[in-house]
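Down below is the structure, laid out as structure tokens.
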Amino acid sequence: MPRVAILGAGIAGLTCGWLLKKRGVEPVVLERQPSPGGLARSFEWHGFPCDFAAHRLFTSDETVLQQLLQLVPMGRHVRRSRVFLRNRWLRDPLDAFELGLHLPPVDSLQLLLSYVLRPRHLKDESFEHFCIKRYGRKLYELFFRPYTERLFGIPGREISVLWAQQKVRLANPLDSLRENTKTKFNYFYYPRRGGYGAIAGSLYREIEDLVKLEATVLGLAHNDERITGIRYAYRGDEYDQPVDEVISTLPLTITGRMLGETLSLRYRKVEAVYLWINRPQVTDFHWLYFVDQGIALNRLVEFKNMSAEGVPPDTSVLCAEVTRELADPVESVIDDITKAGLVRRDEVLDTMVVREEFAYPVYDQGYENTLQAAQKALGHFQNLHLVGRAAEFKHREVDDNFAAASFTVDQMIQGWGKMPIARKEAQIPGSSASGPKRVCAVILAHDNYADTRECLESLLASRYSKLEVILVDNGSSDGTAQMAGGEFPGIRIIETGSNMNVPAGYNIGFRKALDEGADYILMLNNDTTLAPDMVDQLVAAGEEDPKVGILMPRVLVYGSQNRIWSIGGRYRLFPPSILLTEKDEALAEVPRLIEYAPSCGLLIHRRAFETVGLFDPGYLFWYDDWDFSERVRAHGLRMRYVPDARMWHKVSRTTKGPKSPFFWQTYAASAVRFYRRHGRPVWISLPVHLGYLMLREFVWKGNWAFWRSFRQGLRDGFATPLGSLPEPLPPERGQTR
């Protein structure tokens with residue numbers, strides 16, 4: 001087994017260790033602090049989980065998101081933040097038009113003239129030039145300059161243009177039609193319990209036996225091409241450890257110094273000032289940004305607004321991020337927030353300051369050249385890998401570090417030529433070719449525990465010998481997760497923490513099962529029951545077809561013996577529609593290929609996910625299975641109906657069916673999304689199909705009571721960006737498509 005050392009147990013280091021352990025490699029992780037997590041750690045203070053400064057999780061990388069949601073139950077929040085400027089609270093991102101309305105007339109006129117007369121000839125040579133060229137000097141001096149100069153401690157003309165390209169943002173009327181980005185996102189995720197550090201905590205618990213806390217790296221032994229060993233102090237003794245690979249998440253300057261290189265890169269400290277407030281809640285915002293010159297703090301977060309679960313109800317904790325060098329940061333912060341009208345001095349019960357020296361890489365002019373020189377100087381060490389914010393000298397969030405760690409581990413293992421084998425199951429996570437295939441049932445539940453229990457009972461009565469069960473509790477409020485865990489101790493339960501959309505909830509379970517080597521995923525609604533031989537019948541049919549992607553059983557109406565609910569969907573050219581089912585009794589007895597597979601109960605071969613990716617999380621709960629079916633067929637995989645496999649479905653228990661305004665709104669939004677994505681050509685198919693839907697549902701069937709909900713859904717469908725299709729999942733080693 002290769003000897004791997006990881007320097008630092010922040011998110012990047014913990015993720016590398018976790019991923020390596022999953023691959024059968026056991027690294028040693030060295031962390032100087034007494035607790036893991038680095039800048040993404042949390043701690044308890046006055047009964048509140050407190051993060052170091054302000055954090056949030058937003059990522060457009062669906063693979064990273066699903067892995068993180070597997071680790072920690074999180075809530076999905078619609079972003080609420082404000083900017084404090086000229087003694088007024090304005091929207092964030094800043095809307096220049098709104099700002100103009102709140103400024104004195106003279107300043108508003110200057111803002112407009114400055115924009116009209118802005119020097120478009122300026123070259124993008126600095127942060128200052130970038131902003132003035134695009135927005136005018138007045139807005140630069142008023143808004144962009146004070147905050148950014150306070151952040152880095154240097155003039156705007158000395159700040160790299162790269163920072164402007166990454167971080168400068170203003171509100172735009174078209175923002176709602178565009179994709180969420182790192183600078184403009186309208187939602188984010190945050191752990192339900194334990195603060196943001198719950199992510200690091202979950203990773204740490206997975207590899208706790210490999211992590212040495214309060215271990216100080218003293219030096220790196222090396223020759224011209226490789227690092228050969230690490231010297232570190234731990235519990236009063238010093239150790240020398242030979243290494244084959246080193247992953248450093250330490251500040252780049254520290255790693256360079258230990259390898260004999262002096263790197264002229266600078267980091268900016270952060271002092272996190274914590275205030276315990278004698279009030280149930282100070283604001284209802286997630287972040288408050290302070291822009292004006294002379295202000296001490298950069299931004300303020302109230303942890304109770306991130307998650308109020310299990311925290312004291314009568315008090316609250318604020319955290320102010322301070323980068324300025326101040327003699328008394330606590331007093332300065334209190335002075336600023338009292339002047340802003342947020343709290344009174346007599347409401348401050350206690351204070352605390354936590355300082356981190358290497359919080360922000362300073363993007364000064366020319367730092368790119370310095371960074372390239374540093375990378376070149378350290379790049380000749382073939383077994384050194386730099387991962388994370390401080391090590392790569394890049395402004396990274398947790399999801400960025402997670403993705404970078406995944407990439408590094410993959411590259412490292414590819415460089416070894418083959419996966420090191422610590423034990424047989426680490427080599428091939430899936431089942432052997434000669435034995436029964438591993439099937440993992442993934443059930444999504446939201447309340448209605450009686451249905452979930454009946455589903456689990458029928459599933460566990462299955463005759464199939466190699467069946468595992470994952471129950472994804474999608475934010476139930478009736479104690480589903482706790483009751484299921486008590487009654488069915490053999491199943492695994494994942495709590496999403498909030499009521500996510502249906503495909504996103506399923507994706508969490510799918511990803512978990514696939515990561516652990518399942519050959520097939522049995523996708524089940526919680527309002528279904530199964531015949532004891534259903535899984536056997538589906539697997540047998542799947543093993544006969546090397547190009548199968550989805551297998552569908554005969555779905556019957558719950559409470560009946562033979563009444564068909566669906567035996568596969570198909571497209572009808574006129575009137576244009578996707579038919580949910582065929583009710584021809586003779587056709588129900590015939591094994592055949594189908595066009596669409598409704599997702600109340602499906603057996604999905606892992607090759608489908610490795611070919612087309614997971615379900616599209618942009619749907620709420622309707623048309624997501626049609627979308628997946630389209631993608632599976634488009635990639636040449638087959639969908640088979642297996643008549644001897646039987647199950648029963650209690651229809652629309654959670655969504656309340658077509659008598660619910662929520663149903664109609666979702667139905668319309670999902671239809672728009674589907675035809676925007678798959679209509680051929682979209683400018684014909686979309687209006688034709690929507691026109692037929694409206695004619696059928698509101699003229700012929702008379703559902704006028706739900707017209708407003710349907711119309712709102714149409715608006716939602718057009719306003720929501722499509723985003724990119726889910727990426728295919730990489731095959732597990734030893735698995736074939």
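So you can find residues: chains in the structure tokens are A, B, ... in the order shown, residues in each start at 1, and ligands are numbered from 1 in order.
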
Check your understanding: Which residues in segment 152-282 of chain A does DSSP call strand (DSSP E or B)? List them as a VMD selection string.
Key -> chain A and resid 159 187 to 191 211 to 213 215 to 222 227 to 234 237 to 242 245 to 248 267 to 277

**Study point:** Shell around segment 677-679 of chain A at 12 Å using only C-alpha atoms, local window under 3 positions removed, as a VMD selection string
**Key:** chain A and resid 576 to 577 616 618 to 619 623 to 624 626 to 631 634 670 to 674 682 to 690 717 to 718 721 to 725

If you keep N, CA and C atoms, can you produce a file of those selected residues as an mmCIF file, in the first residue's frame?
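Done, and the output landed in selection-v9.cif:
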```cif
data_model
loop_
_atom_site.group_PDB
_atom_site.id
_atom_site.type_symbol
_atom_site.label_atom_id
_atom_site.label_comp_id
_atom_site.auth_asym_id
_atom_site.auth_seq_id
_atom_site.Cartn_x
_atom_site.Cartn_y
_atom_site.Cartn_z
ATOM 1 N N PRO A 576 -50.954 15.603 -29.222
ATOM 2 C CA PRO A 576 -49.597 15.370 -28.721
ATOM 3 C C PRO A 576 -49.572 15.183 -27.207
ATOM 4 N N SER A 577 -49.055 14.053 -26.763
ATOM 5 C CA SER A 577 -49.021 13.791 -25.330
ATOM 6 C C SER A 577 -48.138 12.588 -25.059
ATOM 7 N N ASP A 616 -32.468 14.666 -13.147
ATOM 8 C CA ASP A 616 -32.325 16.124 -13.213
ATOM 9 C C ASP A 616 -32.992 16.744 -11.991
ATOM 10 N N GLY A 618 -33.631 19.682 -11.368
ATOM 11 C CA GLY A 618 -34.391 20.891 -11.672
ATOM 12 C C GLY A 618 -35.890 20.683 -11.650
ATOM 13 N N TYR A 619 -36.344 19.420 -11.679
ATOM 14 C CA TYR A 619 -37.772 19.125 -11.547
ATOM 15 C C TYR A 619 -38.135 19.016 -10.071
ATOM 16 N N TYR A 623 -42.522 14.820 -14.397
ATOM 17 C CA TYR A 623 -41.758 14.788 -15.632
ATOM 18 C C TYR A 623 -40.288 14.428 -15.430
ATOM 19 N N ASP A 624 -39.810 14.277 -14.205
ATOM 20 C CA ASP A 624 -38.417 13.903 -13.999
ATOM 21 C C ASP A 624 -38.129 12.503 -14.533
ATOM 22 N N TRP A 626 -39.870 11.072 -17.073
ATOM 23 C CA TRP A 626 -39.893 11.181 -18.536
ATOM 24 C C TRP A 626 -38.550 11.702 -19.030
ATOM 25 N N ASP A 627 -38.007 12.696 -18.335
ATOM 26 C CA ASP A 627 -36.718 13.268 -18.695
ATOM 27 C C ASP A 627 -35.628 12.195 -18.667
ATOM 28 N N PHE A 628 -35.591 11.409 -17.588
ATOM 29 C CA PHE A 628 -34.574 10.363 -17.470
ATOM 30 C C PHE A 628 -34.742 9.322 -18.576
ATOM 31 N N SER A 629 -35.996 8.975 -18.874
ATOM 32 C CA SER A 629 -36.255 8.012 -19.946
ATOM 33 C C SER A 629 -35.736 8.526 -21.288
ATOM 34 N N GLU A 630 -35.973 9.803 -21.575
ATOM 35 C CA GLU A 630 -35.488 10.392 -22.819
ATOM 36 C C GLU A 630 -33.970 10.271 -22.921
ATOM 37 N N ARG A 631 -33.290 10.572 -21.843
ATOM 38 C CA ARG A 631 -31.831 10.555 -21.859
ATOM 39 C C ARG A 631 -31.293 9.131 -21.993
ATOM 40 N N ALA A 634 -31.801 8.074 -25.552
ATOM 41 C CA ALA A 634 -30.937 8.848 -26.447
ATOM 42 C C ALA A 634 -29.510 8.313 -26.470
ATOM 43 N N SER A 670 -43.081 21.771 -14.667
ATOM 44 C CA SER A 670 -42.329 20.605 -15.131
ATOM 45 C C SER A 670 -42.547 20.361 -16.619
ATOM 46 N N ALA A 671 -43.775 20.568 -17.096
ATOM 47 C CA ALA A 671 -44.049 20.394 -18.522
ATOM 48 C C ALA A 671 -43.219 21.374 -19.345
ATOM 49 N N VAL A 672 -43.150 22.617 -18.909
ATOM 50 C CA VAL A 672 -42.351 23.612 -19.627
ATOM 51 C C VAL A 672 -40.881 23.197 -19.643
ATOM 52 N N ARG A 673 -40.386 22.768 -18.501
ATOM 53 C CA ARG A 673 -38.980 22.370 -18.426
ATOM 54 C C ARG A 673 -38.692 21.195 -19.365
ATOM 55 N N PHE A 674 -39.594 20.212 -19.364
ATOM 56 C CA PHE A 674 -39.382 19.019 -20.183
ATOM 57 C C PHE A 674 -39.333 19.374 -21.672
ATOM 58 N N VAL A 682 -38.060 22.808 -30.460
ATOM 59 C CA VAL A 682 -38.705 23.322 -29.254
ATOM 60 C C VAL A 682 -39.709 24.430 -29.576
ATOM 61 N N TRP A 683 -39.437 25.238 -30.589
ATOM 62 C CA TRP A 683 -40.327 26.374 -30.865
ATOM 63 C C TRP A 683 -41.662 25.920 -31.448
ATOM 64 N N ILE A 684 -41.723 24.645 -31.875
ATOM 65 C CA ILE A 684 -43.008 24.082 -32.308
ATOM 66 C C ILE A 684 -43.599 23.198 -31.210
ATOM 67 N N SER A 685 -42.788 22.281 -30.702
ATOM 68 C CA SER A 685 -43.315 21.295 -29.754
ATOM 69 C C SER A 685 -43.774 21.924 -28.453
ATOM 70 N N LEU A 686 -43.053 22.942 -27.985
ATOM 71 C CA LEU A 686 -43.428 23.543 -26.702
ATOM 72 C C LEU A 686 -44.803 24.198 -26.758
ATOM 73 N N PRO A 687 -45.087 25.116 -27.690
ATOM 74 C CA PRO A 687 -46.428 25.707 -27.716
ATOM 75 C C PRO A 687 -47.520 24.700 -28.073
ATOM 76 N N VAL A 688 -47.215 23.735 -28.935
ATOM 77 C CA VAL A 688 -48.230 22.743 -29.305
ATOM 78 C C VAL A 688 -48.625 21.896 -28.102
ATOM 79 N N HIS A 689 -47.618 21.392 -27.368
ATOM 80 C CA HIS A 689 -47.924 20.539 -26.223
ATOM 81 C C HIS A 689 -48.581 21.319 -25.093
ATOM 82 N N LEU A 690 -48.089 22.518 -24.834
ATOM 83 C CA LEU A 690 -48.710 23.324 -23.779
ATOM 84 C C LEU A 690 -50.133 23.711 -24.175
ATOM 85 N N GLY A 717 -41.706 27.776 -14.938
ATOM 86 C CA GLY A 717 -40.990 26.936 -15.884
ATOM 87 C C GLY A 717 -40.159 27.727 -16.876
ATOM 88 N N PHE A 718 -40.686 28.861 -17.314
ATOM 89 C CA PHE A 718 -39.942 29.688 -18.266
ATOM 90 C C PHE A 718 -38.847 30.512 -17.581
ATOM 91 N N PRO A 721 -33.762 28.782 -15.044
ATOM 92 C CA PRO A 721 -32.754 28.335 -16.025
ATOM 93 C C PRO A 721 -32.715 26.816 -16.117
ATOM 94 N N LEU A 722 -32.494 26.285 -17.327
ATOM 95 C CA LEU A 722 -32.416 24.841 -17.505
ATOM 96 C C LEU A 722 -31.160 24.264 -16.868
ATOM 97 N N GLY A 723 -30.054 24.964 -16.963
ATOM 98 C CA GLY A 723 -28.804 24.399 -16.482
ATOM 99 C C GLY A 723 -28.320 23.303 -17.416
ATOM 100 N N SER A 724 -27.153 22.767 -17.119
ATOM 101 C CA SER A 724 -26.608 21.686 -17.927
ATOM 102 C C SER A 724 -27.197 20.357 -17.484
ATOM 103 N N LEU A 725 -27.160 19.379 -18.383
ATOM 104 C CA LEU A 725 -27.625 18.046 -18.033
ATOM 105 C C LEU A 725 -26.698 17.421 -17.000
#
```

**Study point:** Test item: residues at most 9 Å from Arg463 of chain A, only C-alpha atoms, excluding those fewer than 6 positions along its chain, as a PyMOL selection string
**Key:** chain A and resi 532-536

I'd like to know which residues of segment 537-636 of chain A are alpha helix (DSSP H) (by DSSP, run on the backbone); could you write them as a PDB file with C-alpha atoms, in the first residue's frame?
```pdb
ATOM      1  CA  GLN A 537     -37.952 -11.283 -12.016  1.00  0.00           C
ATOM      2  CA  LEU A 538     -36.503  -7.870 -12.849  1.00  0.00           C
ATOM      3  CA  VAL A 539     -32.875  -8.859 -12.210  1.00  0.00           C
ATOM      4  CA  ALA A 540     -33.260 -12.023 -14.305  1.00  0.00           C
ATOM      5  CA  ALA A 541     -34.567  -9.952 -17.214  1.00  0.00           C
ATOM      6  CA  GLY A 542     -31.814  -7.399 -16.763  1.00  0.00           C
ATOM      7  CA  GLU A 543     -29.052  -9.994 -16.856  1.00  0.00           C
ATOM      8  CA  GLU A 585     -54.939  -6.451 -21.023  1.00  0.00           C
ATOM      9  CA  ALA A 586     -53.404  -8.476 -23.843  1.00  0.00           C
ATOM     10  CA  LEU A 587     -50.437  -6.077 -24.122  1.00  0.00           C
ATOM     11  CA  ALA A 588     -49.901  -6.333 -20.381  1.00  0.00           C
ATOM     12  CA  ARG A 606     -25.801   1.177 -12.856  1.00  0.00           C
ATOM     13  CA  ARG A 607     -24.740   1.521 -16.516  1.00  0.00           C
ATOM     14  CA  ALA A 608     -27.649   3.951 -16.971  1.00  0.00           C
ATOM     15  CA  PHE A 609     -26.206   6.325 -14.363  1.00  0.00           C
ATOM     16  CA  GLU A 610     -22.686   5.845 -15.709  1.00  0.00           C
ATOM     17  CA  THR A 611     -23.966   6.736 -19.170  1.00  0.00           C
ATOM     18  CA  VAL A 612     -26.439   9.588 -18.597  1.00  0.00           C
ATOM     19  CA  ASP A 624     -38.417  13.903 -13.999  1.00  0.00           C
ATOM     20  CA  ASP A 625     -38.912  10.241 -14.964  1.00  0.00           C
ATOM     21  CA  TRP A 626     -39.893  11.181 -18.536  1.00  0.00           C
ATOM     22  CA  ASP A 627     -36.718  13.268 -18.695  1.00  0.00           C
ATOM     23  CA  PHE A 628     -34.574  10.363 -17.470  1.00  0.00           C
ATOM     24  CA  SER A 629     -36.255   8.012 -19.946  1.00  0.00           C
ATOM     25  CA  GLU A 630     -35.488  10.392 -22.819  1.00  0.00           C
ATOM     26  CA  ARG A 631     -31.831  10.555 -21.859  1.00  0.00           C
ATOM     27  CA  VAL A 632     -31.505   6.788 -21.408  1.00  0.00           C
ATOM     28  CA  ARG A 633     -32.988   6.069 -24.847  1.00  0.00           C
ATOM     29  CA  ALA A 634     -30.937   8.848 -26.447  1.00  0.00           C
TER      30      ALA A 634
END
```

Review point. Which is closer to Val161 of chain A than all the others in A:Tyr367, A:Trp89, A:Phe358, A:Phe97, using only C-alpha atoms?
Key: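 For Val161 of chain A, the nearest of the given residues is A:Tyr367.
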
Point to revise | A:Ala518, A:Cys50, A:Lys376, A:Pro726 ranked by distance to Pro503 of chain A, top pick (using only C-alpha atoms) | key: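 Closest candidate: A:Pro726.
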
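Distances here use only C-alpha atoms; by that measure, the residue among A:Gly636, A:Gly479, A:Ile337, A:Ile550 closest to Pro598 of chain A is A:Ile550.
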
Need to verify the contact set: Leu349 of chain A, 12 Å, only C-alpha atoms, exclusion of same-chain residues closer than 5 positions in sequence. Can you return it as a tab-separated table (two decimals) with C-alpha atoms, in the first residue's frame?
```tsv
chain	number	residue	atom	x	y	z
A	46	HIS	CA	-23.48	29.62	24.85
A	274	TYR	CA	-18.70	36.84	18.29
A	275	LEU	CA	-21.47	38.65	20.15
A	276	TRP	CA	-24.00	36.89	22.39
A	277	ILE	CA	-27.15	39.01	22.17
A	278	ASN	CA	-29.98	39.14	24.68
A	279	ARG	CA	-32.70	38.98	22.04
A	315	THR	CA	-30.89	34.71	22.75
A	316	SER	CA	-28.88	34.84	19.54
A	317	VAL	CA	-25.26	34.93	18.38
A	318	LEU	CA	-23.80	37.26	15.75
A	334	ILE	CA	-20.22	46.91	18.69
A	343	VAL	CA	-28.57	46.08	18.60
A	344	ARG	CA	-28.19	48.18	21.72
```

Check your understanding: Looking at only C-alpha atoms, which of A:Arg205, A:Arg150, A:Arg118, A:His605 is the one that sits closest to Gly37 of chain A?
Key ->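 For Gly37 of chain A, the nearest of the candidates is A:Arg205.
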
Check your understanding: Do you have the atom CA of Gly613 of chain A-atom CA of His635 of chain A distance handy?
Key -> 11.1 Å

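Distance check against Pro36 of chain A using only C-alpha atoms: of A:Ala327, A:Ala669, A:Val354, A:Ile199, the minimum falls on A:Ile199.
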
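Among the candidates A:Gly601, A:Pro104, A:Pro251, A:Pro93, the residue lying nearest to Ala531 of chain A is A:Gly601 (atoms considered: only C-alpha atoms).
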
Review point. At what distance in Å, to one decimal, does atom CA of Thr323 of chain A lie from atom CA of Ile154 of chain A?
Key: 11.6 Å

Glu697 of chain A surroundings by only C-alpha atoms, 12 Å radius, close-in-sequence under 5 positions cut, as a PDB file with C-alpha atoms, in the first residue's frame:
```
ATOM      1  CA  PRO A 658     -55.028  16.818  -9.264  1.00  0.00           C
ATOM      2  CA  TRP A 664     -51.078  22.066 -10.900  1.00  0.00           C
ATOM      3  CA  TYR A 667     -47.323  20.084 -13.351  1.00  0.00           C
ATOM      4  CA  ALA A 668     -47.106  23.214 -15.509  1.00  0.00           C
ATOM      5  CA  LEU A 690     -48.710  23.324 -23.779  1.00  0.00           C
ATOM      6  CA  GLY A 691     -51.677  24.374 -25.893  1.00  0.00           C
ATOM      7  CA  TYR A 692     -53.029  20.834 -25.884  1.00  0.00           C
ATOM      8  CA  GLY A 702     -63.147  22.075 -16.639  1.00  0.00           C
ATOM      9  CA  ASN A 703     -60.376  22.443 -14.037  1.00  0.00           C
ATOM     10  CA  TRP A 704     -60.718  26.239 -14.006  1.00  0.00           C
ATOM     11  CA  ALA A 705     -60.359  26.382 -10.229  1.00  0.00           C
ATOM     12  CA  PHE A 706     -56.659  25.641 -10.685  1.00  0.00           C
ATOM     13  CA  TRP A 707     -55.969  27.925 -13.631  1.00  0.00           C
ATOM     14  CA  PHE A 710     -51.189  26.352 -13.553  1.00  0.00           C
TER      15      PHE A 710
END
```

Practice item. Name the residues in contact with Lys123 of chain A at a cut-off of 9 Å, using only C-alpha atoms, excluding same-chain residues fewer than 6 positions from it; report them as a ChimeraX atom specification. Key: /A:129-130,133

Enumerate, in order of chain and increasing residue number, the residues of segment 271-344 of chain A with an atom no farther than 9 Å from segment 51-73 of chain A, each with its shortest atom pair and distance in Å to one decimal, counting only C-alpha atoms, as JSON lines.
```
{"residue": "A:Glu271", "atom": "CA", "partner": "A:Ala53", "partner_atom": "CA", "distance": 8.3}
{"residue": "A:Ala272", "atom": "CA", "partner": "A:Ala53", "partner_atom": "CA", "distance": 5.5}
{"residue": "A:Val273", "atom": "CA", "partner": "A:Ala53", "partner_atom": "CA", "distance": 8.2}
{"residue": "A:Tyr274", "atom": "CA", "partner": "A:Ala53", "partner_atom": "CA", "distance": 8.9}
{"residue": "A:Trp287", "atom": "CA", "partner": "A:Ala54", "partner_atom": "CA", "distance": 7.9}
{"residue": "A:Arg299", "atom": "CA", "partner": "A:Ala54", "partner_atom": "CA", "distance": 8.0}
{"residue": "A:Leu300", "atom": "CA", "partner": "A:Ala54", "partner_atom": "CA", "distance": 7.4}
{"residue": "A:Val301", "atom": "CA", "partner": "A:Ala54", "partner_atom": "CA", "distance": 5.9}
{"residue": "A:Glu302", "atom": "CA", "partner": "A:Ala54", "partner_atom": "CA", "distance": 8.8}
{"residue": "A:Phe303", "atom": "CA", "partner": "A:Asp51", "partner_atom": "CA", "distance": 8.0}
{"residue": "A:Met306", "atom": "CA", "partner": "A:Arg56", "partner_atom": "CA", "distance": 8.9}
{"residue": "A:Cys319", "atom": "CA", "partner": "A:Ala53", "partner_atom": "CA", "distance": 6.2}
{"residue": "A:Ala320", "atom": "CA", "partner": "A:Ala53", "partner_atom": "CA", "distance": 6.8}
{"residue": "A:Glu321", "atom": "CA", "partner": "A:Ala53", "partner_atom": "CA", "distance": 5.8}
```

Exercise for review: Could you tell me how far atom CA of Gln665 of chain A lies from atom CA of Gln712 of chain A, in Å and to one decimal?
Suggested key: 6.1 Å
